[in-house]
Amino acid sequence: MTRARRAGFAAAALIAAVLLAGLGVWQIERRAWKHELVATVDARIHAAPVAAPGPDAWPRINAKDDAYLRVTATGVFRHDRETLVQAVTERGAGFWVLTPLETPRFTLLVNRGFVPANRRDAATRAAGNVAGPVRMTGLLRVSEPGGAFLRANDPAAGRWYSRDVAAIAKARGLGRVAPYFVDADAAPNPGGYPVGGLTVVRFRDNHLVYALTWFALSALSLFFTWRLWHSRD
């Protein structure tokens with residue numbers, strides 16, 4: 001290999017080492033951000049509940065600032081317009097029961113909890129469909145538009161794979177609906193169903209593994225650079 005060609009390869013390896021090290025640093029920064037996010041969400045979950053955001057706040061609702069905020073609302077459930085969304089939980093496969101809660105100012109879509117397939121029919125859990133005013137507490141969740149992986153929601157057929165607030169509101173003919181939904185807490189419902197309080201709050205933290213991988217590759221590139229630079233023709 002000529003000196004010029006060897007120098008070219010060494011320069012390319014050095015550039016690669018710098019870029020790979022930069023990716024490692026970026027992953028470390030992402031890890032710090034993730035830990036900050038986890039702490040923020042944990043504080044929201046355990047904070048005293050606040051009133052569910054009303055229409056004035058809707059334009060500002062976003063996952064970063066509002067997801068898992070503990071909220072409360074008072075209203076009347078419209079059990080005749082509930083929507084079942086397929087779910088897989090620690091209790092097995094079944095459905096989330098999403099029911100409109102009519103408050104004095106707006107309608108709030110509430111995920112009242114999980115029911116197994118044999119409780120899909122509302123008649124099998126009629127005791128849990130309380131009439132009259134109720135006060136509920138839960139966690140604010142951002143809408144899940146479209147559906148699940150490889151499975152699109154089919155409103156016409158009544159098949160739902162994600163909690164798409166806008167689509168469900170349209171399919172059920174709801175009026176002024178909040179752009180988010182609320183996962184009800186674990187307060188028991190009469191008859192035992194739906195089962196609330198099953199929200200899973202989980203954040204992947206693979207950033208350290210990724211960072212170590214990038215740093216290792218950077219080190220290999222530096223070693224390759226050194227070998228090229230010190231090799232003989």
# chains A, B, ... in the order shown; residues from 1 in each chain; ligands from 1
>>> select_by_dssp(residues="stretch 9-216 of chain A", states="strand (DSSP E)", output="PyMOL selection string")
chain A and resi 50-51+70-77+83-89+92-102+107-116+133-142+147-148+151-152+177-184
>>> residues_around(residues="stretch 127-137 of chain A", least_positions_apart="6", cutoff="10 Å", atoms="only C-alpha atoms", output="VMD selection string")
chain A and resid 49 to 52 70 to 80 99 101 to 103 110 112 182 to 195
>>> atom_distance(atom1="atom CA of A:Glu82", atom2="atom CA of A:Leu69")
23.2 Å
>>> atom_distance(atom1="atom CA of A:Trp160", atom2="atom CA of A:Asp66")
24.2 Å
>>> atom_distance(atom1="atom CA of A:Leu222", atom2="atom CA of A:Ala12")
10.4 Å
>>> closest_residue(among="A:Pro53, A:Gly22, A:Pro59, A:Gly173", to="A:Arg141", atoms="only C-alpha atoms")
A:Pro53
>>> residues_around(residues="A:Glu144", least_positions_apart="5", cutoff="9 Å", atoms="only C-alpha atoms", output="CSV table (one decimal) with C-alpha atoms, in the first residue's frame")
chain,number,residue,atom,x,y,z
A,162,SER,CA,-55.5,1.8,20.0
A,163,ARG,CA,-57.2,4.5,22.1
A,164,ASP,CA,-57.6,7.1,19.3
A,165,VAL,CA,-59.6,9.8,21.0
>>> residues_around(residues="A:Ile45", least_positions_apart="5", cutoff="10 Å", atoms="only C-alpha atoms", output="PDB file with N, CA, C and O atoms, in the first residue's frame")
ATOM      1  N   THR A  40     -39.551  13.042  36.510  1.00  0.00           N
ATOM      2  CA  THR A  40     -40.677  13.965  36.334  1.00  0.00           C
ATOM      3  C   THR A  40     -41.998  13.212  36.299  1.00  0.00           C
ATOM      4  O   THR A  40     -42.975  13.612  36.955  1.00  0.00           O
ATOM      5  N   ALA A  67     -48.217  13.950  29.932  1.00  0.00           N
ATOM      6  CA  ALA A  67     -48.476  12.509  30.033  1.00  0.00           C
ATOM      7  C   ALA A  67     -48.328  12.033  31.470  1.00  0.00           C
ATOM      8  O   ALA A  67     -47.374  12.387  32.159  1.00  0.00           O
ATOM      9  N   TYR A  68     -49.282  11.243  31.943  1.00  0.00           N
ATOM     10  CA  TYR A  68     -49.325  10.652  33.277  1.00  0.00           C
ATOM     11  C   TYR A  68     -49.597  11.669  34.386  1.00  0.00           C
ATOM     12  O   TYR A  68     -49.390  11.373  35.565  1.00  0.00           O
ATOM     13  N   LEU A  69     -50.073  12.846  34.020  1.00  0.00           N
ATOM     14  CA  LEU A  69     -50.507  13.812  35.019  1.00  0.00           C
ATOM     15  C   LEU A  69     -51.727  13.246  35.746  1.00  0.00           C
ATOM     16  O   LEU A  69     -52.654  12.743  35.125  1.00  0.00           O
ATOM     17  N   ARG A  70     -51.724  13.312  37.054  1.00  0.00           N
ATOM     18  CA  ARG A  70     -52.841  12.776  37.836  1.00  0.00           C
ATOM     19  C   ARG A  70     -53.956  13.811  37.868  1.00  0.00           C
ATOM     20  O   ARG A  70     -53.764  14.940  38.331  1.00  0.00           O
ATOM     21  N   VAL A  71     -55.122  13.421  37.353  1.00  0.00           N
ATOM     22  CA  VAL A  71     -56.234  14.357  37.226  1.00  0.00           C
ATOM     23  C   VAL A  71     -57.504  13.765  37.827  1.00  0.00           C
ATOM     24  O   VAL A  71     -57.604  12.553  38.063  1.00  0.00           O
ATOM     25  N   GLY A 138     -57.571   9.627  37.794  1.00  0.00           N
ATOM     26  CA  GLY A 138     -56.729   8.770  36.956  1.00  0.00           C
ATOM     27  C   GLY A 138     -55.563   9.533  36.366  1.00  0.00           C
ATOM     28  O   GLY A 138     -55.254  10.660  36.768  1.00  0.00           O
ATOM     29  N   LEU A 139     -54.923   8.910  35.392  1.00  0.00           N
ATOM     30  CA  LEU A 139     -53.738   9.475  34.756  1.00  0.00           C
ATOM     31  C   LEU A 139     -54.051   9.943  33.343  1.00  0.00           C
ATOM     32  O   LEU A 139     -54.624   9.197  32.547  1.00  0.00           O
ATOM     33  N   LEU A 140     -53.662  11.170  33.050  1.00  0.00           N
ATOM     34  CA  LEU A 140     -53.869  11.717  31.704  1.00  0.00           C
ATOM     35  C   LEU A 140     -52.969  10.992  30.712  1.00  0.00           C
ATOM     36  O   LEU A 140     -51.783  10.813  30.962  1.00  0.00           O
ATOM     37  N   VAL A 201     -46.308   2.121  33.275  1.00  0.00           N
ATOM     38  CA  VAL A 201     -45.393   3.236  33.032  1.00  0.00           C
ATOM     39  C   VAL A 201     -43.996   2.654  32.939  1.00  0.00           C
ATOM     40  O   VAL A 201     -43.395   2.257  33.938  1.00  0.00           O
TER      41      VAL A 201
END
>>> decode(residues="stretch 169-199 of chain A", atoms="N, CA, C and O atoms", output="short mmCIF file (atom, residue, chain, number, x, y, z; two decimals), in the first residue's frame")
data_model
loop_
_atom_site.label_atom_id
_atom_site.label_comp_id
_atom_site.auth_asym_id
_atom_site.auth_seq_id
_atom_site.Cartn_x
_atom_site.Cartn_y
_atom_site.Cartn_z
N ALA A 169 -64.37 9.45 19.29
CA ALA A 169 -65.37 10.50 19.48
C ALA A 169 -66.26 10.65 18.24
O ALA A 169 -67.48 10.80 18.35
N LYS A 170 -65.65 10.57 17.08
CA LYS A 170 -66.41 10.67 15.84
C LYS A 170 -67.33 9.48 15.66
O LYS A 170 -68.50 9.63 15.30
N ALA A 171 -66.81 8.29 15.92
CA ALA A 171 -67.60 7.07 15.74
C ALA A 171 -68.78 7.01 16.72
O ALA A 171 -69.84 6.48 16.38
N ARG A 172 -68.62 7.58 17.90
CA ARG A 172 -69.67 7.53 18.91
C ARG A 172 -70.55 8.78 18.91
O ARG A 172 -71.46 8.90 19.72
N GLY A 173 -70.27 9.70 18.02
CA GLY A 173 -71.09 10.91 17.92
C GLY A 173 -71.02 11.79 19.15
O GLY A 173 -72.02 12.37 19.57
N LEU A 174 -69.82 11.89 19.72
CA LEU A 174 -69.65 12.70 20.92
C LEU A 174 -69.45 14.17 20.55
O LEU A 174 -69.01 14.50 19.46
N GLY A 175 -69.74 15.03 21.48
CA GLY A 175 -69.64 16.47 21.22
C GLY A 175 -68.27 17.03 21.51
O GLY A 175 -67.28 16.63 20.91
N ARG A 176 -68.21 17.95 22.46
CA ARG A 176 -66.96 18.65 22.79
C ARG A 176 -66.08 17.72 23.63
O ARG A 176 -66.24 17.62 24.85
N VAL A 177 -65.16 17.03 22.97
CA VAL A 177 -64.36 15.99 23.63
C VAL A 177 -62.93 16.47 23.84
O VAL A 177 -62.30 17.03 22.94
N ALA A 178 -62.40 16.22 25.04
CA ALA A 178 -61.00 16.55 25.33
C ALA A 178 -60.11 15.74 24.40
O ALA A 178 -60.42 14.60 24.06
N PRO A 179 -58.97 16.31 23.97
CA PRO A 179 -58.08 15.62 23.01
C PRO A 179 -57.20 14.56 23.66
O PRO A 179 -56.30 14.03 23.02
N TYR A 180 -57.44 14.24 24.90
CA TYR A 180 -56.69 13.21 25.62
C TYR A 180 -57.69 12.26 26.26
O TYR A 180 -58.90 12.50 26.26
N PHE A 181 -57.20 11.15 26.81
CA PHE A 181 -58.08 10.29 27.59
C PHE A 181 -57.45 10.09 28.96
O PHE A 181 -56.31 10.51 29.21
N VAL A 182 -58.20 9.50 29.88
CA VAL A 182 -57.72 9.31 31.24
C VAL A 182 -57.83 7.84 31.62
O VAL A 182 -58.89 7.22 31.45
N ASP A 183 -56.73 7.27 32.10
CA ASP A 183 -56.74 5.91 32.65
C ASP A 183 -57.23 5.98 34.09
O ASP A 183 -56.58 6.61 34.94
N ALA A 184 -58.37 5.36 34.38
CA ALA A 184 -58.90 5.38 35.74
C ALA A 184 -57.95 4.68 36.71
O ALA A 184 -57.23 3.74 36.34
N ASP A 185 -57.97 5.14 37.96
CA ASP A 185 -57.11 4.52 38.96
C ASP A 185 -57.70 3.20 39.45
O ASP A 185 -58.68 2.70 38.89
N ALA A 186 -57.12 2.65 40.49
CA ALA A 186 -57.50 1.31 40.94
C ALA A 186 -58.72 1.28 41.84
O ALA A 186 -59.04 0.22 42.41
N ALA A 187 -59.43 2.38 41.98
CA ALA A 187 -60.65 2.37 42.79
C ALA A 187 -61.60 1.31 42.24
O ALA A 187 -61.93 1.31 41.05
N PRO A 188 -62.03 0.35 43.07
CA PRO A 188 -62.84 -0.77 42.56
C PRO A 188 -64.22 -0.33 42.07
O PRO A 188 -64.85 0.55 42.64
N ASN A 189 -64.66 -0.98 41.01
CA ASN A 189 -66.01 -0.77 40.50
C ASN A 189 -66.94 -1.83 41.07
O ASN A 189 -66.50 -2.97 41.32
N PRO A 190 -68.21 -1.52 41.29
CA PRO A 190 -69.15 -2.53 41.77
C PRO A 190 -69.15 -3.75 40.84
O PRO A 190 -69.12 -3.61 39.62
N GLY A 191 -69.15 -4.93 41.41
CA GLY A 191 -69.12 -6.13 40.60
C GLY A 191 -67.72 -6.53 40.16
O GLY A 191 -67.54 -7.61 39.60
N GLY A 192 -66.74 -5.66 40.39
CA GLY A 192 -65.35 -6.00 40.08
C GLY A 192 -64.87 -5.62 38.69
O GLY A 192 -63.67 -5.72 38.42
N TYR A 193 -65.77 -5.18 37.81
CA TYR A 193 -65.36 -4.82 36.45
C TYR A 193 -65.97 -3.48 36.04
O TYR A 193 -67.08 -3.16 36.46
N PRO A 194 -65.19 -2.74 35.22
CA PRO A 194 -63.82 -2.97 34.73
C PRO A 194 -62.80 -2.83 35.86
O PRO A 194 -63.07 -2.25 36.89
N VAL A 195 -61.60 -3.37 35.61
CA VAL A 195 -60.51 -3.31 36.58
C VAL A 195 -59.59 -2.16 36.20
O VAL A 195 -58.90 -2.21 35.18
N GLY A 196 -59.58 -1.12 37.01
CA GLY A 196 -58.74 0.03 36.73
C GLY A 196 -57.36 -0.10 37.36
O GLY A 196 -57.03 -1.10 37.99
N GLY A 197 -56.57 0.95 37.19
CA GLY A 197 -55.25 0.99 37.81
C GLY A 197 -54.21 0.11 37.17
O GLY A 197 -53.22 -0.25 37.83
N LEU A 198 -54.39 -0.24 35.90
CA LEU A 198 -53.43 -1.14 35.23
C LEU A 198 -52.50 -0.40 34.27
O LEU A 198 -51.85 -1.03 33.44
N THR A 199 -52.42 0.90 34.41
CA THR A 199 -51.52 1.66 33.55
C THR A 199 -50.09 1.20 33.75
O THR A 199 -49.61 1.08 34.88
#
